[in-house]
Every structure is written in C-alpha cells, then in structure tokens.
file target.tsv (TSV, C-alpha atoms)
chain	number	residue	atom	x	y	z
A	1	MET	CA	57.18	18.49	49.72
A	2	ASN	CA	59.96	16.77	51.68
A	3	SER	CA	62.52	13.95	51.56
A	4	THR	CA	59.84	11.28	52.08
A	5	ASP	CA	58.01	12.29	48.92
A	6	SER	CA	58.24	10.51	45.60
A	7	PHE	CA	57.04	12.49	42.58
A	8	LEU	CA	55.95	10.91	39.31
A	9	ILE	CA	55.38	13.33	36.43
A	10	ILE	CA	53.60	12.00	33.35
A	11	ALA	CA	54.53	13.78	30.11
A	12	PRO	CA	52.61	12.96	26.92
A	13	HIS	CA	55.53	14.42	24.90
A	14	PRO	CA	59.13	15.44	25.60
A	15	ASP	CA	58.91	19.08	26.81
A	16	ASP	CA	55.59	18.83	28.70
A	17	GLU	CA	57.48	18.01	31.90
A	18	ILE	CA	59.60	21.19	31.65
A	19	LEU	CA	56.88	23.55	30.45
A	20	SER	CA	54.33	22.57	33.08
A	21	CYS	CA	56.49	21.35	35.98
A	22	GLY	CA	59.97	22.87	35.57
A	23	GLY	CA	59.79	24.86	38.79
A	24	LEU	CA	58.05	22.11	40.72
A	25	ILE	CA	60.77	19.63	39.75
A	26	GLN	CA	63.53	21.92	41.05
A	27	GLN	CA	61.78	22.54	44.35
A	28	ALA	CA	61.08	18.84	44.85
A	29	ILE	CA	64.74	17.94	44.32
A	30	GLU	CA	65.95	20.79	46.54
A	31	ASN	CA	63.74	19.43	49.31
A	32	GLY	CA	65.15	15.92	48.95
A	33	ALA	CA	62.19	14.33	47.20
A	34	LYS	CA	62.61	11.68	44.51
A	35	VAL	CA	61.45	12.70	41.04
A	36	HIS	CA	60.74	10.37	38.13
A	37	ILE	CA	59.39	11.38	34.72
A	38	LEU	CA	57.44	9.06	32.44
A	39	TYR	CA	57.14	10.02	28.76
A	40	ILE	CA	54.25	8.39	26.92
A	41	THR	CA	55.47	9.32	23.40
A	42	ASN	CA	58.68	10.59	21.81
A	43	GLY	CA	56.86	13.37	19.97
A	44	SER	CA	57.79	12.07	16.51
A	45	HIS	CA	54.51	12.85	14.69
A	46	ASN	CA	55.24	16.46	13.78
A	47	PHE	CA	55.97	17.41	10.18
A	48	ILE	CA	56.53	21.12	10.96
A	49	SER	CA	58.99	20.29	13.74
A	50	LEU	CA	61.00	17.98	11.51
A	51	LEU	CA	61.01	20.47	8.64
A	52	TYR	CA	62.19	23.30	10.92
A	53	TYR	CA	64.89	21.23	12.58
A	54	LYS	CA	66.33	19.85	9.34
A	55	ILE	CA	66.44	23.19	7.52
A	56	TYR	CA	67.34	25.57	10.36
A	57	TYR	CA	69.80	23.47	12.36
A	58	LYS	CA	71.12	20.84	9.97
A	59	LYS	CA	70.84	22.86	6.76
A	60	GLU	CA	69.37	19.80	5.07
A	61	ILE	CA	66.35	19.29	2.85
A	62	LEU	CA	63.53	17.28	4.35
A	63	ILE	CA	63.02	14.08	2.39
A	64	ARG	CA	60.08	13.00	4.57
A	65	THR	CA	60.78	9.31	4.99
A	66	ARG	CA	59.54	6.99	7.70
A	67	LYS	CA	63.06	6.88	9.10
A	68	GLU	CA	63.21	10.66	9.50
A	69	PHE	CA	60.14	10.73	11.73
A	70	VAL	CA	61.63	7.99	13.90
A	71	GLU	CA	64.81	10.09	14.12
A	72	LEU	CA	62.74	13.10	15.22
A	73	GLY	CA	61.56	11.06	18.20
A	74	ILE	CA	65.18	10.26	19.07
A	75	ILE	CA	66.07	13.96	18.79
A	76	ARG	CA	63.23	14.99	21.08
A	77	ARG	CA	64.20	12.34	23.62
A	78	ARG	CA	67.76	13.70	23.70
A	79	GLU	CA	66.42	17.22	24.10
A	80	SER	CA	64.43	16.24	27.19
A	81	ILE	CA	67.44	14.46	28.70
A	82	LYS	CA	69.53	17.63	28.28
A	83	ALA	CA	66.70	19.84	29.53
A	84	CYS	CA	66.26	17.77	32.68
A	85	GLU	CA	69.96	18.12	33.48
A	86	HIS	CA	69.37	21.85	33.99
A	87	LEU	CA	66.85	20.97	36.69
A	88	GLY	CA	69.01	18.38	38.44
A	89	ILE	CA	67.48	15.19	37.04
A	90	GLY	CA	69.66	12.46	35.58
A	91	LYS	CA	68.84	10.12	32.71
A	92	GLU	CA	68.28	7.26	35.16
A	93	SER	CA	65.12	9.00	36.43
A	94	LEU	CA	63.51	9.21	32.98
A	95	THR	CA	61.43	6.50	31.29
A	96	PHE	CA	60.40	6.72	27.63
A	97	LEU	CA	57.60	4.40	26.53
A	98	ASP	CA	57.81	5.23	22.79
A	99	TYR	CA	54.09	5.01	22.04
A	100	PRO	CA	52.80	6.97	19.03
A	101	ASP	CA	52.64	10.75	19.12
A	102	ALA	CA	49.15	11.90	18.03
A	103	GLY	CA	47.76	8.42	18.66
A	104	ILE	CA	47.18	8.06	22.42
A	105	LEU	CA	43.52	9.06	22.51
A	106	LYS	CA	42.81	7.02	19.37
A	107	ILE	CA	44.37	3.97	20.97
A	108	PHE	CA	42.39	4.47	24.18
A	109	SER	CA	39.13	4.76	22.30
A	110	ARG	CA	39.58	2.05	19.67
A	111	HIS	CA	42.59	-0.28	19.95
A	112	TRP	CA	42.11	-2.93	22.64
A	113	GLY	CA	41.95	-6.71	22.66
A	114	GLU	CA	41.34	-8.28	19.27
A	115	VAL	CA	41.30	-4.96	17.42
A	116	PRO	CA	44.46	-4.50	15.27
A	117	ALA	CA	47.20	-2.28	16.63
A	118	TYR	CA	47.22	1.43	15.80
A	119	VAL	CA	49.49	2.40	12.88
A	120	ASP	CA	51.18	5.81	12.85
A	121	SER	CA	50.52	7.53	9.52
A	122	LEU	CA	53.97	9.18	9.31
A	123	SER	CA	56.43	6.65	10.75
A	124	LYS	CA	54.22	3.68	9.67
A	125	LYS	CA	55.10	2.04	12.98
A	126	SER	CA	52.63	-0.18	14.83
A	127	CYS	CA	54.87	-1.14	17.74
A	128	VAL	CA	57.57	0.16	20.04
A	129	GLU	CA	61.14	0.13	18.69
A	130	ILE	CA	63.17	-3.04	19.28
A	131	ASN	CA	65.45	-1.04	21.58
A	132	GLY	CA	62.50	0.35	23.54
A	133	GLN	CA	63.37	1.20	27.11
A	134	LEU	CA	60.56	-0.57	28.95
A	135	ASN	CA	58.57	-2.81	26.60
A	136	PRO	CA	60.42	-3.46	23.28
A	137	LEU	CA	58.20	-4.35	20.30
A	138	ALA	CA	55.00	-3.80	22.28
A	139	SER	CA	52.17	-3.22	19.82
A	140	TYR	CA	50.34	0.11	19.85
A	141	LYS	CA	47.35	-1.16	21.86
A	142	GLY	CA	45.53	0.10	24.92
A	143	GLU	CA	46.42	-2.78	27.22
A	144	ASN	CA	50.15	-2.29	26.58
A	145	ILE	CA	50.10	1.43	27.38
A	146	LEU	CA	47.97	0.78	30.47
A	147	ASN	CA	50.22	-2.01	31.76
A	148	ASP	CA	53.40	0.00	31.16
A	149	ILE	CA	52.03	2.97	33.11
A	150	LYS	CA	51.05	0.63	35.94
A	151	ARG	CA	54.55	-0.91	35.94
A	152	VAL	CA	56.17	2.49	36.35
A	153	ILE	CA	53.72	3.52	39.08
A	154	LEU	CA	54.41	0.31	41.01
A	155	LYS	CA	58.17	0.73	40.58
A	156	THR	CA	58.35	4.38	41.64
A	157	LYS	CA	55.57	4.23	44.27
A	158	PRO	CA	54.78	7.94	44.01
A	159	THR	CA	53.25	9.85	46.89
A	160	LYS	CA	52.37	12.63	44.44
A	161	MET	CA	51.54	12.21	40.77
A	162	PHE	CA	51.28	14.98	38.18
A	163	ILE	CA	49.25	14.28	35.05
A	164	PRO	CA	47.55	16.31	32.29
A	165	THR	CA	44.10	17.64	33.06
A	166	SER	CA	41.07	16.30	31.23
A	167	PHE	CA	40.35	19.92	30.20
A	168	ASP	CA	43.41	20.01	27.93
A	169	HIS	CA	42.57	20.38	24.24
A	170	HIS	CA	45.36	18.17	22.90
A	171	GLU	CA	44.22	14.61	22.23
A	172	ASP	CA	47.44	13.02	23.52
A	173	HIS	CA	46.99	14.87	26.81
A	174	ILE	CA	43.36	13.75	27.12
A	175	GLY	CA	44.37	10.18	26.28
A	176	THR	CA	47.20	10.27	28.82
A	177	TYR	CA	44.80	11.52	31.47
A	178	LEU	CA	42.40	8.65	30.75
A	179	PHE	CA	45.11	5.98	30.82
A	180	CYS	CA	46.50	7.35	34.10
A	181	ILE	CA	43.10	7.49	35.80
A	182	LEU	CA	42.37	3.95	34.63
A	183	ALA	CA	45.79	2.72	35.84
A	184	LEU	CA	45.35	4.31	39.27
A	185	GLY	CA	41.87	2.84	39.52
A	186	GLU	CA	43.29	-0.63	38.98
A	187	LEU	CA	46.05	-0.04	41.56
A	188	ILE	CA	43.81	1.04	44.45
A	189	GLY	CA	45.13	-0.56	47.63
A	190	LYS	CA	48.66	-0.85	46.22
A	191	VAL	CA	49.64	2.70	45.30
A	192	GLU	CA	47.40	5.70	45.96
A	193	PRO	CA	49.26	8.95	45.28
A	194	VAL	CA	47.78	12.40	45.63
A	195	LYS	CA	46.87	13.54	42.11
A	196	PHE	CA	47.69	16.96	40.66
A	197	PHE	CA	46.69	18.13	37.19
A	198	TYR	CA	48.43	20.50	34.77
A	199	LEU	CA	47.22	22.23	31.62
A	200	ALA	CA	49.37	22.78	28.52
A	201	HIS	CA	46.86	23.52	25.71
A	202	LYS	CA	43.88	25.63	26.60
A	203	HIS	CA	42.30	25.79	23.14
A	204	LYS	CA	42.86	23.99	19.86
A	205	ARG	CA	46.39	22.79	19.28
A	206	SER	CA	48.17	25.85	17.92
A	207	PHE	CA	51.59	27.37	18.46
A	208	LEU	CA	49.83	30.76	18.42
A	209	ASP	CA	47.88	29.77	21.52
A	210	ARG	CA	49.43	31.16	24.69
A	211	PHE	CA	49.48	29.41	28.03
A	212	ASP	CA	47.05	30.81	30.59
A	213	VAL	CA	48.44	30.65	34.13
A	214	GLU	CA	44.96	31.37	35.52
A	215	TRP	CA	43.33	28.40	33.77
A	216	CYS	CA	42.25	26.81	37.03
A	217	GLN	CA	40.30	29.88	38.12
A	218	ARG	CA	38.79	30.31	34.67
A	219	LEU	CA	37.52	26.74	34.75
A	220	LYS	CA	35.84	27.47	38.08
A	221	ASN	CA	33.86	30.17	36.30
A	222	VAL	CA	32.60	27.63	33.77
A	223	TYR	CA	32.27	24.37	35.68
A	224	ASP	CA	30.67	23.42	38.96
A	225	ASP	CA	32.86	23.55	42.08
A	226	GLU	CA	32.32	19.81	42.41
A	227	CYS	CA	34.38	19.42	39.26
A	228	LEU	CA	37.33	21.54	40.36
A	229	HIS	CA	37.75	21.88	44.11
A	230	LYS	CA	40.96	23.83	44.52
A	231	SER	CA	44.32	24.68	43.00
A	232	MET	CA	47.96	24.73	44.08
A	233	TYR	CA	50.55	27.33	43.12
A	234	VAL	CA	54.29	26.74	42.94
A	235	ASN	CA	56.18	30.02	43.15
A	236	LEU	CA	59.47	30.07	41.23
A	237	SER	CA	62.52	31.98	42.41
A	238	ALA	CA	64.58	34.00	39.90
A	239	ARG	CA	67.18	31.22	39.85
A	240	GLN	CA	64.58	28.51	39.26
A	241	LEU	CA	63.01	30.58	36.49
A	242	GLU	CA	66.41	30.97	34.82
A	243	ASN	CA	67.05	27.22	35.05
A	244	LYS	CA	63.66	26.57	33.48
A	245	LYS	CA	64.50	29.02	30.69
A	246	ARG	CA	67.74	27.17	29.97
A	247	ALA	CA	65.87	23.87	29.96
A	248	ILE	CA	63.27	25.15	27.50
A	249	GLY	CA	66.12	26.34	25.28
A	250	GLU	CA	67.23	22.74	24.78
A	251	PHE	CA	64.11	21.97	22.73
A	252	LYS	CA	65.60	23.15	19.45
A	253	SER	CA	63.28	20.98	17.36
A	254	GLN	CA	60.29	22.83	18.83
A	255	MET	CA	61.52	26.38	18.33
A	256	TYR	CA	59.13	26.89	15.43
A	257	CYS	CA	56.66	27.59	18.29
A	258	ARG	CA	59.08	29.43	20.58
A	259	LYS	CA	56.42	31.96	21.65
A	260	PHE	CA	54.31	29.12	23.00
A	261	LEU	CA	57.26	27.49	24.77
A	262	TYR	CA	58.51	30.65	26.43
A	263	SER	CA	55.00	31.68	27.47
A	264	PHE	CA	55.43	29.06	30.23
A	265	LEU	CA	58.13	31.21	31.82
A	266	ARG	CA	55.92	32.59	34.55
A	267	SER	CA	56.67	33.19	38.22
A	268	LYS	CA	53.96	30.65	39.12
A	269	GLU	CA	53.09	27.13	38.04
A	270	LEU	CA	49.50	26.13	38.68
A	271	PHE	CA	48.06	22.67	39.32
A	272	GLY	CA	44.51	21.51	39.82
A	273	VAL	CA	43.92	19.48	42.98
A	274	SER	CA	41.20	16.87	43.50
A	275	LEU	CA	40.00	17.32	39.96
A	276	SER	CA	37.00	15.06	39.45
A	277	PRO	CA	36.88	13.15	36.15
A	278	VAL	CA	34.46	14.67	33.67
A	279	ASN	CA	32.12	12.84	31.33
A	280	LEU	CA	34.26	13.29	28.25
A	281	LYS	CA	31.99	11.20	26.08
A	282	LYS	CA	29.04	13.48	26.78
A	283	LYS	CA	30.95	16.77	26.69
A	284	MET	CA	33.30	16.16	23.75
A	285	LYS	CA	31.65	13.29	21.84
A	286	LEU	CA	34.99	11.64	21.14
A	287	PHE	CA	34.62	8.10	22.39
A	288	PRO	CA	32.69	4.92	21.71
A	289	GLU	CA	31.51	2.58	24.47
A	290	VAL	CA	35.08	1.82	25.60
A	291	VAL	CA	34.99	4.91	27.81
A	292	ASN	CA	32.04	3.58	29.79
A	293	ASN	CA	33.32	0.02	29.78
A	294	ARG	CA	36.95	0.63	30.76
A	295	CYS	CA	37.06	3.98	32.57
A	296	ARG	CA	34.36	4.25	35.21
A	297	THR	CA	36.30	6.26	37.83

call {"tool": "encode", "arguments": {"input": "target.tsv", "output": "structure tokens"}}
result
Amino acid sequence: MNSTDSFLIIAPHPDDEILSCGGLIQQAIENGAKVHILYITNGSHNFISLLYYKIYYKKEILIRTRKEFVELGIIRRRESIKACEHLGIGKESLTFLDYPDAGILKIFSRHWGEVPAYVDSLSKKSCVEINGQLNPLASYKGENILNDIKRVILKTKPTKMFIPTSFDHHEDHIGTYLFCILALGELIGKVEPVKFFYLAHKHKRSFLDRFDVEWCQRLKNVYDDECLHKSMYVNLSARQLENKKRAIGEFKSQMYCRKFLYSFLRSKELFGVSLSPVNLKKKMKLFPEVVNNRCRT
C-alpha cells in the first residue's frame, strides 16, 4: 500500500470496519493512502443491543417504539464516527446509506422492480430517512442499494476494495457481498479495484461465536483451491493494536457481546484474495431466480 492507493471498505454494519480492518486502515493512512468507508446499514435492527444500551448506559426502561430503533441506528452511527477517529479517519471519509439492518439479503433476493419495498419489522421503515446522507427517502429496494454502492465506487475510485466474504454466516454480510459483486460487474471498464474479502461471522450469528483468524486456511481444507486462491495477512504493531482496542471500546451499544468484539484484537488481520464467487443458491438454498438473473459473475 502506498500514497497512490485508494481504499474502499464496505461495512454492512457500524463496527464491521473496525473489527475486520482496524489495523489495515491505520497502515493505509500511515502510508499515505486514501481510505473511505461505506456503511450499508446503521445497525438499528437489534432488540438486545437497544435493551442493553438503554438500561446499562442511560438507566432507562426500554419502551420498544419504532422511534427507539431509529435512534439506535443514530447511536451506532455516532459510535463508528468516534471509533474511526482513533484510527485517523475523519467523518468526511464515511458514508452511511441507512438501508435496513437484517434486510439486505432479503432485499437482494426479493425486492426489485415492481415488487413493493422491504419493510423493517422493528422500525416499520420502508425507505431511507429524509436526512439520509446519500439518497434521502430512497425505498428499500435492490436497485437503490445497487445504484448507491456504484455511486460511491465511482466517486472514490478505489484501487483496493474490502468487502465481506460470501462464506460469512450473517445474512447482511452475504447480501452486501452480492450487491458489491454485482456493482463491480456493472462497472467493468470504469473502475476495477483489486478485491479483498474479510470474515466476521464464521457460524450462526451468535455473540458466543468467536472470530477465527485462520478462517482462510480452514476454508482451503473444505473448498477447492479454485474457490480460494490465497490470503493476505496484515500484521499489527502494539500501537496499532492499542488504537484498535480503543476504537472497539467506542461501541458501547454492542458491549452485550464484548467477548465477540474483543476477540478481533489479534496481532494479524486476514483477508481472502481472488476469492471466486460461490453458487450460493445451490450451497445455501436461500435465493429465488434473482440470483441467476442478476448476479452472474
């Protein structure tokens, strides 16, 4: 990495950028590279997180209204802004799309064209907030997420792009992967960054699940080498590790799963390189024909 590089990190939720790329971000900035982070959701669809934050930090009883879940998204956005400051990234380098937490894969698989917009079951929202940063009042539909990702890619012109791996077991991460691959496929000839892939959830979504720094090697033992060619390590110095620790500490709303968060404090961050798309429809049986029709890369 050097001063001619432009990094674009795609985070399905506020905190994914720090957990998976906190060391990488610091090293990129120290080497003069530009770093931009794109958040697909604000992470507002989390009852346990809201309950913990209200009771532990605000000493308030959770009423569980639509407004409170919207406020949780605002809280998590602020947490990421503060966390990124520890790594040397200013607010101007962060873009929040405000699409629905826990709805990205569902939107990719079902909500395109004439199909009604996705409706979040907790916030009851079906569109981006009126004060949305990039596309205010955009309905929760596949074409809007896809076009917004493409807009950010064209604006930042990344030479290197970091996105969730298709092997992640969180649906928002799988959905983000699919939207990013589709966006890059439609931008061939305009922007063609080198793609790197990170893993945050190696099994079912659970705060008891610990991050596995050797996930890339373990996948090689399961899948063909054609599926996973090689991996890249980023070694963190003691100072970079401490900065990452401080950044993780800003996510107060997520401290109900602190063991999971702090399990990312390792001396190495690992990324898959040249990871070939897998046939998710065949392997995971999650999608209707939209996968074949819209994502052929």

call {"tool": "atom_distance", "arguments": {"input": "target.tsv", "atom1": "CA of Gln27 (chain A)", "atom2": "CA of Phe96 (chain A)"}}
result
23.1 Å

call {"tool": "atom_distance", "arguments": {"input": "target.tsv", "atom1": "CA of Lys91 (chain A)", "atom2": "CA of Ser3 (chain A)"}}
result
20.2 Å

call {"tool": "closest_residue", "arguments": {"input": "target.tsv", "among": "A:Leu62, A:Cys257, A:Leu236, A:Cys180", "to": "Leu146 (chain A)", "atoms": "only C-alpha atoms"}}
result
A:Cys180

call {"tool": "closest_residue", "arguments": {"input": "target.tsv", "among": "A:Lys195, A:Arg258, A:His13, A:His36", "to": "Met232 (chain A)", "atoms": "only C-alpha atoms"}}
result
A:Lys195

call {"tool": "residues_around", "arguments": {"input": "target.tsv", "residues": "Leu8 (chain A)", "least_positions_apart": "5", "cutoff": "6 Å", "atoms": "all atoms listed in the file", "output": "list in words"}}
result
His36, Ile37, Pro158 and Met161 of chain A

call {"tool": "atom_distance", "arguments": {"input": "target.tsv", "atom1": "CA of Ser6 (chain A)", "atom2": "CA of Ala83 (chain A)"}}
result
20.4 Å

call {"tool": "closest_residue", "arguments": {"input": "target.tsv", "among": "A:Glu85, A:Asp98, A:Asp15, A:Glu171", "to": "Gln254 (chain A)", "atoms": "all atoms listed in the file"}}
result
A:Asp15

call {"tool": "closest_residue", "arguments": {"input": "target.tsv", "among": "A:Lys124, A:Lys34, A:Lys160, A:His45", "to": "Arg76 (chain A)", "atoms": "all atoms listed in the file"}}
result
A:His45

call {"tool": "closest_residue", "arguments": {"input": "target.tsv", "among": "A:Gly43, A:Lys259, A:Val35, A:Lys244", "to": "Gly90 (chain A)", "atoms": "only C-alpha atoms"}}
result
A:Val35

call {"tool": "build_atoms", "arguments": {"input": "target.tsv", "residues": "region 152-173 of chain A", "atoms": "N, CA and C atoms", "output": "PDB file, keeping the file's coordinate frame"}}
result
ATOM      1  N   VAL A 152      55.361   1.362  35.878  1.00  0.00           N
ATOM      2  CA  VAL A 152      56.170   2.490  36.350  1.00  0.00           C
ATOM      3  C   VAL A 152      55.631   3.021  37.681  1.00  0.00           C
ATOM      4  N   ILE A 153      54.312   3.070  37.823  1.00  0.00           N
ATOM      5  CA  ILE A 153      53.720   3.520  39.080  1.00  0.00           C
ATOM      6  C   ILE A 153      54.117   2.578  40.222  1.00  0.00           C
ATOM      7  N   LEU A 154      54.051   1.285  39.982  1.00  0.00           N
ATOM      8  CA  LEU A 154      54.410   0.310  41.010  1.00  0.00           C
ATOM      9  C   LEU A 154      55.894   0.381  41.348  1.00  0.00           C
ATOM     10  N   LYS A 155      56.721   0.653  40.354  1.00  0.00           N
ATOM     11  CA  LYS A 155      58.170   0.730  40.580  1.00  0.00           C
ATOM     12  C   LYS A 155      58.556   1.970  41.360  1.00  0.00           C
ATOM     13  N   THR A 156      57.961   3.113  41.009  1.00  0.00           N
ATOM     14  CA  THR A 156      58.350   4.380  41.640  1.00  0.00           C
ATOM     15  C   THR A 156      57.583   4.674  42.919  1.00  0.00           C
ATOM     16  N   LYS A 157      56.418   4.033  43.084  1.00  0.00           N
ATOM     17  CA  LYS A 157      55.570   4.230  44.270  1.00  0.00           C
ATOM     18  C   LYS A 157      55.434   5.710  44.635  1.00  0.00           C
ATOM     19  N   PRO A 158      54.862   6.493  43.747  1.00  0.00           N
ATOM     20  CA  PRO A 158      54.780   7.940  44.010  1.00  0.00           C
ATOM     21  C   PRO A 158      53.813   8.283  45.142  1.00  0.00           C
ATOM     22  N   THR A 159      54.181   9.289  45.910  1.00  0.00           N
ATOM     23  CA  THR A 159      53.250   9.850  46.890  1.00  0.00           C
ATOM     24  C   THR A 159      52.454  10.986  46.243  1.00  0.00           C
ATOM     25  N   LYS A 160      53.034  11.574  45.195  1.00  0.00           N
ATOM     26  CA  LYS A 160      52.370  12.630  44.440  1.00  0.00           C
ATOM     27  C   LYS A 160      52.567  12.363  42.962  1.00  0.00           C
ATOM     28  N   MET A 161      51.500  12.516  42.201  1.00  0.00           N
ATOM     29  CA  MET A 161      51.540  12.210  40.770  1.00  0.00           C
ATOM     30  C   MET A 161      50.965  13.386  39.995  1.00  0.00           C
ATOM     31  N   PHE A 162      51.672  13.813  38.960  1.00  0.00           N
ATOM     32  CA  PHE A 162      51.280  14.980  38.180  1.00  0.00           C
ATOM     33  C   PHE A 162      50.960  14.533  36.752  1.00  0.00           C
ATOM     34  N   ILE A 163      49.711  14.741  36.350  1.00  0.00           N
ATOM     35  CA  ILE A 163      49.250  14.280  35.050  1.00  0.00           C
ATOM     36  C   ILE A 163      48.492  15.397  34.336  1.00  0.00           C
ATOM     37  N   PRO A 164      48.322  15.286  33.013  1.00  0.00           N
ATOM     38  CA  PRO A 164      47.550  16.310  32.290  1.00  0.00           C
ATOM     39  C   PRO A 164      46.111  16.356  32.787  1.00  0.00           C
ATOM     40  N   THR A 165      45.506  17.519  32.713  1.00  0.00           N
ATOM     41  CA  THR A 165      44.100  17.640  33.060  1.00  0.00           C
ATOM     42  C   THR A 165      43.217  17.182  31.914  1.00  0.00           C
ATOM     43  N   SER A 166      42.037  16.720  32.252  1.00  0.00           N
ATOM     44  CA  SER A 166      41.070  16.300  31.230  1.00  0.00           C
ATOM     45  C   SER A 166      40.533  17.495  30.444  1.00  0.00           C
ATOM     46  N   PHE A 167      40.815  18.730  30.905  1.00  0.00           N
ATOM     47  CA  PHE A 167      40.350  19.920  30.200  1.00  0.00           C
ATOM     48  C   PHE A 167      41.314  20.346  29.093  1.00  0.00           C
ATOM     49  N   ASP A 168      42.449  19.668  28.984  1.00  0.00           N
ATOM     50  CA  ASP A 168      43.410  20.010  27.930  1.00  0.00           C
ATOM     51  C   ASP A 168      42.766  19.738  26.571  1.00  0.00           C
ATOM     52  N   HIS A 169      43.167  20.525  25.566  1.00  0.00           N
ATOM     53  CA  HIS A 169      42.570  20.380  24.240  1.00  0.00           C
ATOM     54  C   HIS A 169      43.459  19.634  23.255  1.00  0.00           C
ATOM     55  N   HIS A 170      44.513  18.999  23.760  1.00  0.00           N
ATOM     56  CA  HIS A 170      45.360  18.170  22.900  1.00  0.00           C
ATOM     57  C   HIS A 170      44.968  16.716  23.135  1.00  0.00           C
ATOM     58  N   GLU A 171      44.722  15.977  22.082  1.00  0.00           N
ATOM     59  CA  GLU A 171      44.220  14.610  22.230  1.00  0.00           C
ATOM     60  C   GLU A 171      45.179  13.697  22.983  1.00  0.00           C
ATOM     61  N   ASP A 172      46.491  13.856  22.789  1.00  0.00           N
ATOM     62  CA  ASP A 172      47.440  13.020  23.520  1.00  0.00           C
ATOM     63  C   ASP A 172      47.366  13.288  25.023  1.00  0.00           C
ATOM     64  N   HIS A 173      47.098  14.527  25.397  1.00  0.00           N
ATOM     65  CA  HIS A 173      46.990  14.870  26.810  1.00  0.00           C
ATOM     66  C   HIS A 173      45.707  14.291  27.405  1.00  0.00           C
TER      67      HIS A 173
END
